file model-v7.csv (CSV, C-alpha atoms and all ligand atoms)
chain,number,residue,atom,x,y,z
A,118,MET,CA,10.7,2.7,23.3
A,119,GLN,CA,8.8,-0.3,21.9
A,120,ILE,CA,5.4,-0.2,20.2
A,121,LEU,CA,3.1,-3.1,19.4
A,122,GLY,CA,1.3,-2.6,16.0
A,123,ILE,CA,-1.8,-4.4,14.7
A,124,GLU,CA,-2.9,-4.4,11.1
A,125,THR,CA,-6.3,-5.9,10.2
A,126,SER,CA,-7.8,-3.6,7.5
A,127,CYS,CA,-7.8,-6.1,4.7
A,128,ASP,CA,-6.9,-9.8,4.3
A,129,GLU,CA,-3.7,-10.0,6.3
A,130,THR,CA,-3.7,-10.4,10.1
A,131,ALA,CA,-0.4,-8.8,11.1
A,132,VAL,CA,1.2,-8.0,14.4
A,133,ALA,CA,4.7,-6.4,15.0
A,134,ILE,CA,6.8,-5.0,17.7
A,135,VAL,CA,9.1,-2.1,16.6
A,136,GLY,CA,11.6,-0.1,18.6
A,137,ASP,CA,13.5,3.1,18.0
A,138,ARG,CA,16.9,1.4,18.2
A,139,HIS,CA,18.4,-0.7,15.5
A,140,PRO,CA,17.4,-3.4,14.5
A,141,ARG,CA,14.1,-1.6,14.8
A,142,ILE,CA,11.8,-4.6,13.9
A,143,ARG,CA,11.9,-6.8,16.9
A,144,ALA,CA,9.1,-9.1,15.7
A,145,SER,CA,6.8,-9.1,12.6
A,146,LEU,CA,4.2,-11.7,11.9
A,147,VAL,CA,1.9,-11.7,8.9
A,148,LEU,CA,-0.8,-14.3,8.6
A,149,SER,CA,-2.3,-14.3,5.1
A,150,GLN,CA,-5.9,-15.2,4.6
A,151,LEU,CA,-5.4,-16.1,0.9
A,152,ALA,CA,-6.6,-19.6,1.3
A,153,GLU,CA,-9.9,-18.4,2.8
A,154,HIS,CA,-10.6,-15.9,0.0
A,155,GLU,CA,-9.1,-17.7,-3.0
A,156,ARG,CA,-12.2,-19.7,-3.9
A,157,PHE,CA,-14.3,-16.5,-4.1
A,158,GLY,CA,-11.8,-14.8,-6.5
A,159,GLY,CA,-11.5,-11.8,-4.2
A,160,ILE,CA,-11.7,-10.7,-0.6
A,161,VAL,CA,-15.0,-11.3,1.3
A,162,PRO,CA,-15.2,-8.7,4.1
A,163,GLU,CA,-17.2,-10.9,6.5
A,164,VAL,CA,-14.8,-13.8,6.0
A,165,ALA,CA,-11.8,-11.5,6.6
A,166,ALA,CA,-13.3,-10.1,9.9
A,167,ARG,CA,-13.9,-13.6,11.2
A,168,ALA,CA,-10.4,-14.8,10.4
A,169,HIS,CA,-8.9,-11.7,12.1
A,170,LEU,CA,-11.0,-12.6,15.2
A,171,ALA,CA,-9.9,-16.2,15.1
A,172,HIS,CA,-6.1,-15.5,14.9
A,173,LEU,CA,-5.3,-12.1,16.3
A,174,ASP,CA,-4.9,-13.0,20.1
A,175,ARG,CA,-2.5,-15.9,19.2
A,176,LEU,CA,-0.5,-13.7,16.9
A,177,VAL,CA,-0.1,-11.0,19.6
A,178,SER,CA,1.2,-13.6,22.1
A,179,ARG,CA,3.6,-15.0,19.5
A,180,ALA,CA,4.9,-11.5,18.6
A,181,LEU,CA,5.7,-10.8,22.3
A,182,ALA,CA,7.5,-14.1,22.6
A,183,ALA,CA,9.4,-13.6,19.3
A,184,ALA,CA,10.6,-10.1,20.5
A,185,GLY,CA,11.5,-11.6,23.9
A,186,THR,CA,9.4,-9.2,25.8
A,187,GLY,CA,6.3,-9.0,27.9
A,188,TRP,CA,3.7,-6.2,28.2
A,189,ASP,CA,6.0,-4.4,30.6
A,190,GLY,CA,8.4,-3.9,27.7
A,191,ILE,CA,5.7,-2.2,25.5
A,192,ASP,CA,5.3,1.6,25.6
A,193,GLY,CA,2.2,2.0,23.3
A,194,ILE,CA,-0.3,0.0,21.2
A,195,ALA,CA,-1.0,1.1,17.7
A,196,ALA,CA,-3.7,-0.4,15.4
A,197,THR,CA,-5.0,0.5,12.0
A,198,GLY,CA,-8.0,2.7,12.4
A,199,GLY,CA,-8.9,2.9,8.7
A,200,PRO,CA,-9.3,3.1,5.8
A,201,GLY,CA,-10.3,-0.4,5.2
A,202,LEU,CA,-12.9,-3.2,5.6
A,203,ILE,CA,-14.7,-2.0,8.7
A,204,GLY,CA,-15.2,-5.4,10.4
A,205,GLY,CA,-11.5,-6.2,10.3
A,206,VAL,CA,-10.5,-2.7,11.5
A,207,MET,CA,-12.9,-3.1,14.4
A,208,VAL,CA,-11.4,-6.4,15.5
A,209,GLY,CA,-7.9,-4.9,15.6
A,210,MET,CA,-8.9,-1.7,17.3
A,211,MET,CA,-10.9,-3.4,20.0
A,212,LEU,CA,-8.0,-5.5,21.0
A,213,ALA,CA,-5.6,-2.6,21.0
A,214,LYS,CA,-8.0,-0.4,23.0
A,215,SER,CA,-8.6,-3.2,25.5
A,216,VAL,CA,-4.9,-3.7,26.1
A,217,ALA,CA,-4.3,0.0,26.3
A,218,LEU,CA,-7.0,0.4,28.9
A,219,ALA,CA,-6.0,-2.7,31.0
A,220,ARG,CA,-2.3,-1.8,30.9
A,221,GLY,CA,-2.6,2.0,31.1
A,222,LEU,CA,-0.7,2.4,27.8
A,223,PRO,CA,-1.1,5.1,25.1
A,224,PHE,CA,-3.4,4.0,22.2
A,225,LEU,CA,-2.6,5.1,18.6
A,226,ALA,CA,-5.2,4.8,15.8
A,227,ILE,CA,-3.1,4.7,12.6
A,228,ASN,CA,-4.2,5.6,9.1
A,229,HIS,CA,-3.2,2.6,7.1
A,230,LEU,CA,-1.9,4.9,4.4
A,231,GLU,CA,0.3,6.7,6.9
A,232,GLY,CA,1.8,3.3,7.7
A,233,HIS,CA,2.8,2.7,4.1
A,234,ALA,CA,3.9,6.3,3.8
A,235,LEU,CA,6.3,6.3,6.8
A,236,THR,CA,7.9,2.8,6.1
A,237,ALA,CA,10.8,4.4,4.2
A,238,ARG,CA,11.7,6.1,7.5
A,239,LEU,CA,11.5,2.9,9.4
A,240,THR,CA,13.9,1.2,7.0
A,241,ASP,CA,16.1,4.2,5.9
A,242,ASP,CA,15.4,7.3,7.9
A,243,VAL,CA,14.3,9.2,4.7
A,244,PRO,CA,14.1,12.9,5.6
A,245,PHE,CA,11.0,15.1,5.2
A,246,PRO,CA,9.7,16.3,2.8
A,247,PHE,CA,9.7,13.4,0.3
A,248,LEU,CA,7.7,12.6,-2.8
A,249,LEU,CA,5.6,9.4,-2.4
A,250,LEU,CA,4.0,7.2,-4.9
A,251,LEU,CA,1.5,5.1,-2.9
A,252,VAL,CA,0.3,2.2,-4.9
A,253,SER,CA,-1.7,-0.6,-3.3
A,254,GLY,CA,-4.8,-2.7,-3.9
A,255,GLY,CA,-7.1,0.1,-2.8
A,256,HIS,CA,-5.1,3.3,-3.5
A,257,CYS,CA,-3.0,4.9,-6.1
A,258,GLN,CA,-1.8,8.4,-5.1
A,259,LEU,CA,1.0,10.8,-5.4
A,260,LEU,CA,1.7,12.7,-2.2
A,261,VAL,CA,4.3,14.9,-0.6
A,262,VAL,CA,5.0,13.6,2.9
A,263,GLU,CA,5.8,16.9,4.7
A,264,GLY,CA,6.0,15.4,8.2
A,265,VAL,CA,4.2,13.0,10.6
A,266,GLY,CA,0.5,13.7,10.1
A,267,HIS,CA,1.2,16.2,7.3
A,268,TYR,CA,0.5,15.2,3.7
A,269,CYS,CA,-0.2,17.1,0.5
A,270,ARG,CA,-1.9,15.0,-2.2
A,271,LEU,CA,-0.9,15.9,-5.7
A,272,GLY,CA,-3.0,13.3,-7.5
A,273,THR,CA,-5.1,10.2,-7.1
A,274,THR,CA,-6.9,7.7,-9.2
A,275,VAL,CA,-10.2,8.7,-10.9
A,276,ASP,CA,-11.3,5.0,-11.0
A,277,ASP,CA,-9.4,1.9,-10.1
A,278,ALA,CA,-6.2,1.6,-8.1
A,279,ALA,CA,-3.1,0.1,-9.7
A,280,GLY,CA,-3.3,-3.1,-7.6
A,281,GLU,CA,-6.9,-3.5,-8.6
A,282,CYS,CA,-5.8,-3.3,-12.3
A,283,PHE,CA,-3.2,-6.0,-11.6
A,284,ASP,CA,-5.8,-8.2,-9.8
A,285,LYS,CA,-8.6,-7.7,-12.3
A,286,GLY,CA,-6.2,-8.2,-15.2
A,287,ALA,CA,-5.0,-11.4,-13.6
A,288,LYS,CA,-8.5,-12.7,-13.2
A,289,LEU,CA,-9.2,-12.0,-16.9
A,290,LEU,CA,-6.1,-14.0,-17.8
A,291,GLY,CA,-7.3,-16.9,-15.6
A,292,LEU,CA,-4.6,-16.4,-13.0
A,293,GLY,CA,-5.1,-16.6,-9.2
A,294,PHE,CA,-5.6,-13.9,-6.6
A,295,PRO,CA,-3.8,-11.6,-5.8
A,296,GLY,CA,-2.9,-10.9,-9.3
A,297,GLY,CA,0.2,-8.7,-8.9
A,298,PRO,CA,2.7,-11.4,-8.1
A,299,ALA,CA,1.3,-13.7,-10.8
A,300,ILE,CA,1.5,-11.0,-13.5
A,301,GLU,CA,5.0,-10.1,-12.5
A,302,ARG,CA,6.2,-13.7,-12.7
A,303,LEU,CA,4.6,-14.3,-16.1
A,304,ALA,CA,5.6,-10.9,-17.5
A,305,ALA,CA,9.3,-11.7,-17.0
A,306,GLU,CA,8.9,-14.3,-19.8
A,307,GLY,CA,6.5,-12.3,-22.0
A,308,ASN,CA,6.8,-10.0,-25.0
A,309,ALA,CA,5.2,-6.6,-23.9
A,310,ALA,CA,5.1,-5.3,-27.5
A,311,ARG,CA,2.9,-8.1,-28.9
A,312,PHE,CA,-0.4,-6.8,-27.6
A,313,PRO,CA,-0.4,-3.0,-27.7
A,314,LEU,CA,-2.4,-1.7,-24.7
A,315,PRO,CA,-3.3,2.0,-24.0
A,316,ARG,CA,-1.4,4.3,-21.6
A,317,PRO,CA,-4.2,5.9,-19.7
A,318,LEU,CA,-4.2,9.7,-19.4
A,319,LYS,CA,-0.9,9.9,-21.4
A,320,GLY,CA,-0.1,13.5,-22.4
A,321,ARG,CA,-2.8,14.9,-20.1
A,322,PRO,CA,-1.5,17.4,-17.5
A,323,GLY,CA,-1.7,16.7,-13.7
A,324,CYS,CA,-0.8,13.8,-11.4
A,325,ASP,CA,-4.1,11.8,-11.4
A,326,PHE,CA,-4.3,8.2,-12.6
A,327,SER,CA,-6.9,6.1,-14.4
A,328,PHE,CA,-6.8,2.4,-15.0
A,329,SER,CA,-10.3,1.3,-16.0
A,330,GLY,CA,-9.7,2.0,-19.7
A,331,LEU,CA,-6.7,-0.3,-19.6
A,332,LYS,CA,-8.7,-3.0,-18.0
A,333,THR,CA,-11.4,-2.7,-20.7
A,334,ALA,CA,-8.8,-2.8,-23.4
A,335,LEU,CA,-7.4,-6.0,-21.9
A,336,ARG,CA,-10.9,-7.5,-21.7
A,337,GLU,CA,-11.5,-6.7,-25.4
A,338,THR,CA,-8.2,-8.1,-26.4
A,339,VAL,CA,-8.9,-11.3,-24.6
A,340,ALA,CA,-12.4,-11.5,-26.1
A,341,ALA,CA,-11.0,-10.9,-29.6
A,342,TRP,CA,-8.7,-13.9,-29.0
A,343,GLY,CA,-11.6,-16.2,-28.2
A,344,GLY,CA,-11.8,-15.7,-24.4
A,345,THR,CA,-9.6,-16.7,-21.5
A,346,ASP,CA,-9.8,-20.5,-22.2
A,347,ALA,CA,-8.5,-20.0,-25.7
A,348,LEU,CA,-5.3,-18.3,-24.5
A,349,SER,CA,-2.0,-20.3,-24.7
A,350,ASN,CA,0.7,-20.0,-22.1
A,351,ARG,CA,2.6,-17.7,-24.4
A,352,ASP,CA,-0.5,-15.5,-25.0
A,353,VAL,CA,-1.0,-15.1,-21.3
A,354,ALA,CA,2.7,-14.3,-20.7
A,355,ASP,CA,2.7,-11.7,-23.5
A,356,LEU,CA,-0.6,-10.1,-22.2
A,357,ALA,CA,0.8,-10.0,-18.6
A,358,ALA,CA,3.9,-8.3,-19.9
A,359,GLY,CA,1.8,-5.8,-21.9
A,360,LEU,CA,-0.3,-5.0,-18.9
A,361,GLN,CA,2.6,-4.6,-16.6
A,362,ALA,CA,4.4,-2.3,-19.1
A,363,ALA,CA,1.3,-0.2,-19.6
A,364,ILE,CA,0.8,0.3,-15.8
A,365,GLY,CA,4.5,1.0,-15.4
A,366,ASP,CA,4.5,3.6,-18.2
A,367,ALA,CA,1.5,5.3,-16.7
A,368,MET,CA,3.2,5.5,-13.3
A,369,VAL,CA,6.4,6.9,-14.7
A,370,GLU,CA,4.5,9.5,-16.8
A,371,ARG,CA,2.3,10.7,-13.9
A,372,THR,CA,5.2,10.7,-11.4
A,373,THR,CA,7.2,12.8,-13.8
A,374,HIS,CA,4.5,15.5,-13.5
A,375,ALA,CA,4.6,15.2,-9.7
A,376,ILE,CA,8.4,15.5,-9.6
A,377,ARG,CA,8.1,18.8,-11.4
A,378,LYS,CA,5.6,20.1,-8.8
A,379,PHE,CA,7.7,18.7,-5.9
A,380,ARG,CA,10.8,20.4,-7.2
A,381,GLN,CA,9.0,23.8,-7.5
A,382,ARG,CA,7.3,23.7,-4.1
A,383,TYR,CA,9.8,21.8,-2.0
A,384,PRO,CA,13.3,22.8,-3.1
A,385,THR,CA,14.9,20.9,-0.1
A,386,GLY,CA,13.2,17.6,-1.0
A,387,SER,CA,15.6,14.9,-2.1
A,388,HIS,CA,13.8,11.6,-2.3
A,389,LEU,CA,11.3,9.7,-4.4
A,390,VAL,CA,9.7,6.9,-2.4
A,391,VAL,CA,7.4,4.2,-3.6
A,392,ALA,CA,5.3,2.2,-1.1
A,393,GLY,CA,2.2,-0.1,-0.9
A,394,GLY,CA,1.8,-3.6,-2.2
A,395,VAL,CA,2.3,-2.8,-5.9
A,396,ALA,CA,5.7,-1.4,-4.9
A,397,ALA,CA,6.9,-5.0,-4.5
A,398,ASN,CA,7.0,-5.3,-8.3
A,399,ARG,CA,10.6,-5.3,-9.4
A,400,ALA,CA,9.9,-4.0,-13.0
A,401,LEU,CA,8.1,-1.0,-11.6
A,402,ARG,CA,10.8,-0.4,-9.0
A,403,ALA,CA,13.4,-0.4,-11.7
A,404,ALA,CA,11.4,2.0,-13.9
A,405,LEU,CA,10.9,4.4,-11.0
A,406,SER,CA,14.5,4.1,-9.9
A,407,GLY,CA,15.5,5.2,-13.4
A,408,LEU,CA,13.1,8.1,-13.4
A,409,ALA,CA,14.5,9.3,-10.0
A,410,ALA,CA,18.0,9.1,-11.3
A,411,ARG,CA,17.1,11.2,-14.4
A,412,HIS,CA,15.7,13.9,-12.1
A,413,ASP,CA,18.6,13.8,-9.6
A,414,LEU,CA,16.5,12.4,-6.8
A,415,ALA,CA,17.5,9.6,-4.5
A,416,PHE,CA,15.1,6.6,-4.8
A,417,LEU,CA,13.8,4.4,-2.1
A,418,ALA,CA,11.5,1.3,-2.2
A,419,PRO,CA,11.1,-0.7,1.1
A,420,PRO,CA,11.9,-4.4,0.9
A,421,PRO,CA,9.0,-6.3,-0.7
A,422,GLU,CA,7.7,-7.8,2.6
A,423,LEU,CA,7.4,-4.2,4.0
A,424,CYS,CA,5.6,-3.0,0.8
A,425,THR,CA,2.6,-5.4,1.2
A,426,ASP,CA,0.5,-5.0,4.4
A,427,ASN,CA,2.3,-5.7,7.6
A,428,GLY,CA,2.2,-4.8,11.3
A,429,ALA,CA,5.7,-3.2,11.4
A,430,MET,CA,4.5,-0.2,9.4
A,431,ILE,CA,1.6,0.4,11.8
A,432,ALA,CA,3.9,0.0,14.9
A,433,TRP,CA,6.4,2.4,13.3
A,434,ALA,CA,3.8,5.0,12.5
A,435,GLY,CA,2.6,4.7,16.1
A,436,LEU,CA,6.1,5.2,17.3
A,437,GLU,CA,6.6,8.3,15.2
A,438,ARG,CA,3.2,9.7,16.3
A,439,LEU,CA,3.8,9.0,20.0
A,440,LYS,CA,7.2,10.8,19.8
A,441,ALA,CA,5.3,13.7,18.2
A,442,GLY,CA,2.8,13.7,21.2
A,443,LEU,CA,-0.1,12.4,19.1
A,444,ALA,CA,-1.8,9.6,21.0
A,445,ASP,CA,-5.6,9.0,20.5
A,446,GLY,CA,-8.5,8.6,22.8
A,447,LEU,CA,-10.3,5.3,23.4
A,448,ASP,CA,-13.4,6.9,21.8
A,449,PHE,CA,-11.7,6.9,18.4
A,450,ALA,CA,-14.2,5.4,15.9
A,451,PRO,CA,-13.0,3.1,13.1
A,452,ARG,CA,-13.0,4.9,9.7
A,453,PRO,CA,-13.9,3.0,6.5
A,454,ARG,CA,-12.8,6.1,4.6
A,455,TRP,CA,-9.9,8.2,5.8
A,456,PRO,CA,-8.0,10.4,3.3
A,457,LEU,CA,-4.5,11.4,4.3
A,458,ASP,CA,-5.0,14.8,2.9
A,459,PRO,CA,-8.6,15.8,3.6
A,460,ASP,CA,-8.1,19.2,1.9
A,461,ALA,CA,-7.0,17.7,-1.4
A,462,PRO,CA,-9.0,18.8,-4.4
A,463,ARG,CA,-11.1,16.0,-5.9
A,464,ALA,CA,-9.6,14.1,-8.8
A,465,MET,CA,-10.9,15.1,-12.2
A,466,GLY,CA,-13.3,12.2,-12.5
A,467,ALA,CA,-16.2,11.0,-10.4
A,468,GLY,CA,-16.0,8.1,-7.9
A,469,VAL,CA,-12.8,9.4,-6.3
A,470,LYS,CA,-11.1,7.1,-3.9
A,471,ALA,CA,-9.5,8.8,-0.9
A,501,LIG,O1,-0.7,-2.7,0.2
A,501,LIG,P1,-1.3,-4.0,0.0
A,501,LIG,O2,-0.7,-5.3,0.5
A,501,LIG,O3,-2.8,-4.0,0.5
A,501,LIG,C1,-3.6,-2.9,0.3
A,501,LIG,O4,-3.5,-2.0,1.2
A,501,LIG,O5,-4.4,-2.8,-0.7
A,501,LIG,O6,-1.5,-4.2,-1.6
A,501,LIG,C2,-2.1,-5.3,-2.2
A,501,LIG,C3,-2.0,-5.1,-3.7
A,501,LIG,C4,-2.7,-6.2,-4.5
A,501,LIG,O7,-3.5,-5.6,-5.5
A,501,LIG,C5,-1.6,-7.0,-5.1
A,501,LIG,O8,-2.0,-7.6,-6.4
A,501,LIG,C6,-0.5,-6.0,-5.3
A,501,LIG,O9,-0.6,-5.2,-4.1
A,501,LIG,N1,0.8,-6.6,-5.4
A,501,LIG,C7,1.6,-6.5,-6.5
A,501,LIG,C8,2.7,-7.3,-6.3
A,501,LIG,N2,2.6,-7.8,-5.1
A,501,LIG,C9,1.4,-7.4,-4.5
A,501,LIG,N3,1.3,-5.9,-7.7
A,501,LIG,C10,2.3,-6.0,-8.7
A,501,LIG,N4,3.4,-6.7,-8.5
A,501,LIG,C11,3.7,-7.4,-7.4
A,501,LIG,N5,4.8,-8.1,-7.2
A,502,ZN,ZN,-1.9,-1.6,2.3
call {"tool": "encode", "arguments": {"input": "model-v7.csv", "output": "structure tokens", "more": "lines below"}}
Ligand code: KG4
Ligand code: ZN
result
Amino acid sequence: MQILGIETSCDETAVAIVGDRHPRIRASLVLSQLAEHERFGGIVPEVAARAHLAHLDRLVSRALAAAGTGWDGIDGIAATGGPGLIGGVMVGMMLAKSVALARGLPFLAINHLEGHALTARLTDDVPFPFLLLLVSGGHCQLLVVEGVGHYCRLGTTVDDAAGECFDKGAKLLGLGFPGGPAIERLAAEGNAARFPLPRPLKGRPGCDFSFSGLKTALRETVAAWGGTDALSNRDVADLAAGLQAAIGDAMVERTTHAIRKFRQRYPTGSHLVVAGGVAANRALRAALSGLAARHDLAFLAPPPELCTDNGAMIAWAGLERLKAGLADGLDFAPRPRWPLDPDAPRAMGAGVKA
């Protein structure tokens, strides 16, 4: 079985072909729109949608060629159906629906978060149920992945996502977008102890996250130092290290609470998995790997290129769903908001992100 997957929910146009036999990833192309968005200091939805439109057709042809197959070798078309920037999601879904209709193939609308969640099964066949820390530019959640289409959310962010904290922190430090990789690079040379930053929600029960206070603390520290332009290279490296350490400590503390719940409710569960763009961060992976070892759980983080947005995760989720008999109708409407666990209680703050 081979599935073609399309990801267009944010600023990467990505297409992949994934099969059920090893090596599973037959082709995976990711076209970053960074250059288009860089001068705006963030992602502009209209610019993103137009770029997807301009490049998607060509990427699909290239992916088929790279996998050495034609449409006859494809058994289903999967595209991100949300959550994400609606213009981009529409571009990907329209192409997938058109091909599905023209070729008589099953169409699969994939929840972008499910793509991240199931990546550890694409790479390592991690068994259900597993505990998942999903950390990306738009989301920061702790979930139990019980099975394909079955998720139990233990906690989410009450304000910003972890990736947003990296990105906004990087902007405050005068670094480029996206901020995560730049902060990680500089943090490796910095002294995390020089500028003490708060550990949001430390000591509070539960598995929710909060990052806006940390961002404010960083902004105040930079202002007290005379503003971004007054920072030396050493100051920036030390602040980057301080920010990364604070985010890492918060993740470890909140995940510790989740492990306790996971252990109580899912005694057969054996894995802690981290996924999403922020999971590409080596310091965070090391901290979470240590945490898992202390709690006698196996730890898994997909390779960095499968942590950030890609088409392979969408194709794989499509393959798992098709095998479970879960194809979608062509009337599926794109969803800007689409929680993985619609029954989850709201986080303790307002402005909850699903
Ligand atoms: O999953 P992703 O590619 O897109 C979303 O679904 O949001 O995640 C993008 C986020 C950005 O906020 C980016 O700064 C962050 O992942 N990120 C990182 C690293 N690489 C990407 N954060 C920390 N360290 C990294 N190495
Ligand atoms: Zn993502």
call {"tool": "closest_atom_pairs", "arguments": {"input": "model-v7.csv", "of": "chain A", "to": "ligand LIG 501 (chain A)", "cutoff": "7 Å", "atoms": "only C-alpha atoms and all ligand atoms", "output": "CSV"}}
result
residue,atom,partner,partner_atom,distance
A:Cys127,CA,A:LIG501,O3,6.9
A:Ser253,CA,A:LIG501,O6,4.0
A:Gly254,CA,A:LIG501,O5,3.2
A:Gly255,CA,A:LIG501,O5,4.5
A:His256,CA,A:LIG501,O5,6.7
A:Gly280,CA,A:LIG501,O7,3.3
A:Glu281,CA,A:LIG501,O7,5.1
A:Phe283,CA,A:LIG501,O8,5.6
A:Asp284,CA,A:LIG501,O8,5.1
A:Pro295,CA,A:LIG501,O8,4.4
A:Gly296,CA,A:LIG501,O8,4.5
A:Gly297,CA,A:LIG501,N3,3.2
A:Pro298,CA,A:LIG501,N5,4.0
A:Ile300,CA,A:LIG501,N4,6.9
A:Glu301,CA,A:LIG501,N4,5.5
A:Gly393,CA,A:LIG501,O1,4.0
A:Gly394,CA,A:LIG501,O6,3.4
A:Val395,CA,A:LIG501,N3,3.7
A:Ala396,CA,A:LIG501,C7,6.7
A:Ala397,CA,A:LIG501,N5,4.6
A:Asn398,CA,A:LIG501,N5,3.7
A:Arg399,CA,A:LIG501,N5,6.8
A:Cys424,CA,A:LIG501,O1,6.3
A:Thr425,CA,A:LIG501,O2,3.4
A:Asp426,CA,A:LIG501,O2,4.1
call {"tool": "residues_near_point", "arguments": {"input": "model-v7.csv", "point": "(17.8, 10.7, -5.2)", "cutoff": "7 Å", "atoms": "all atoms listed in the file", "output": "mmCIF file with C-alpha atoms, in the frame of the given file"}}
result
data_model
loop_
_atom_site.group_PDB
_atom_site.id
_atom_site.type_symbol
_atom_site.label_atom_id
_atom_site.label_comp_id
_atom_site.auth_asym_id
_atom_site.auth_seq_id
_atom_site.Cartn_x
_atom_site.Cartn_y
_atom_site.Cartn_z
ATOM 1 C CA SER A 387 15.600 14.900 -2.100
ATOM 2 C CA HIS A 388 13.800 11.600 -2.300
ATOM 3 C CA LEU A 389 11.300 9.700 -4.400
ATOM 4 C CA ALA A 409 14.500 9.300 -10.000
ATOM 5 C CA ALA A 410 18.000 9.100 -11.300
ATOM 6 C CA ASP A 413 18.600 13.800 -9.600
ATOM 7 C CA LEU A 414 16.500 12.400 -6.800
ATOM 8 C CA ALA A 415 17.500 9.600 -4.500
ATOM 9 C CA PHE A 416 15.100 6.600 -4.800
#
call {"tool": "closest_residue", "arguments": {"input": "model-v7.csv", "among": "A:Lys319, A:Leu303, A:Gly205, A:Ile194", "to": "A:Glu370", "atoms": "only C-alpha atoms"}}
result
A:Lys319
call {"tool": "atom_distance", "arguments": {"input": "model-v7.csv", "atom1": "atom CA of A:Ala182", "atom2": "atom CA of A:Arg143"}}
result
10.3 Å
call {"tool": "closest_residue", "arguments": {"input": "model-v7.csv", "among": "A:Asp137, A:Asp189, A:Glu231, A:Asp460", "to": "ligand ZN 502 (chain A)", "atoms": "all atoms listed in the file"}}
result
A:Glu231
call {"tool": "atom_distance", "arguments": {"input": "model-v7.csv", "atom1": "atom CA of A:Ala217", "atom2": "atom CA of A:Ala237"}}
result
27.1 Å
call {"tool": "atom_distance", "arguments": {"input": "model-v7.csv", "atom1": "atom CA of A:Gly266", "atom2": "atom CA of A:Phe449"}}
result
16.2 Å
call {"tool": "residues_around", "arguments": {"input": "model-v7.csv", "residues": "A:Val161", "least_positions_apart": "3", "cutoff": "12 Å", "atoms": "all atoms listed in the file", "output": "ChimeraX atom specification"}}
result
/A:127-128,150-158,164-168,202-205
call {"tool": "closest_residue", "arguments": {"input": "model-v7.csv", "among": "A:Pro451, A:Gly343, A:Pro315, A:Gly428", "to": "A:Glu129", "atoms": "all atoms listed in the file"}}
result
A:Gly428
call {"tool": "closest_residue", "arguments": {"input": "model-v7.csv", "among": "A:Ala341, A:Val252, A:Ala363, A:Leu121", "to": "ligand ZN 502 (chain A)", "atoms": "only C-alpha atoms and all ligand atoms"}}
result
A:Val252
call {"tool": "decode", "arguments": {"input": "model-v7.csv", "residues": "stretch 398-409 of chain A", "atoms": "N, CA and C atoms", "output": "short mmCIF file (atom, residue, chain, number, x, y, z; two decimals), in the first residue's frame"}}
result
data_model
loop_
_atom_site.label_atom_id
_atom_site.label_comp_id
_atom_site.auth_asym_id
_atom_site.auth_seq_id
_atom_site.Cartn_x
_atom_site.Cartn_y
_atom_site.Cartn_z
N ASN A 398 14.62 20.09 19.12
CA ASN A 398 15.64 20.71 20.00
C ASN A 398 16.40 19.64 20.79
N ARG A 399 17.71 19.59 20.61
CA ARG A 399 18.50 18.50 21.21
C ARG A 399 18.55 18.59 22.73
N ALA A 400 18.61 19.81 23.28
CA ALA A 400 18.66 19.94 24.74
C ALA A 400 17.36 19.44 25.36
N LEU A 401 16.24 19.77 24.72
CA LEU A 401 14.94 19.32 25.24
C LEU A 401 14.81 17.81 25.11
N ARG A 402 15.28 17.27 24.00
CA ARG A 402 15.21 15.80 23.82
C ARG A 402 16.02 15.12 24.91
N ALA A 403 17.21 15.67 25.22
CA ALA A 403 18.07 15.05 26.24
C ALA A 403 17.38 15.10 27.60
N ALA A 404 16.76 16.26 27.92
CA ALA A 404 16.10 16.40 29.23
C ALA A 404 14.94 15.41 29.35
N LEU A 405 14.17 15.27 28.27
CA LEU A 405 13.00 14.36 28.31
C LEU A 405 13.44 12.90 28.30
N SER A 406 14.53 12.62 27.63
CA SER A 406 15.05 11.26 27.62
C SER A 406 15.46 10.85 29.04
N GLY A 407 16.11 11.78 29.76
CA GLY A 407 16.50 11.53 31.15
C GLY A 407 15.28 11.31 32.03
N LEU A 408 14.26 12.12 31.80
CA LEU A 408 13.02 12.00 32.58
C LEU A 408 12.39 10.62 32.37
N ALA A 409 12.31 10.19 31.11
CA ALA A 409 11.72 8.88 30.80
C ALA A 409 12.52 7.77 31.49
#
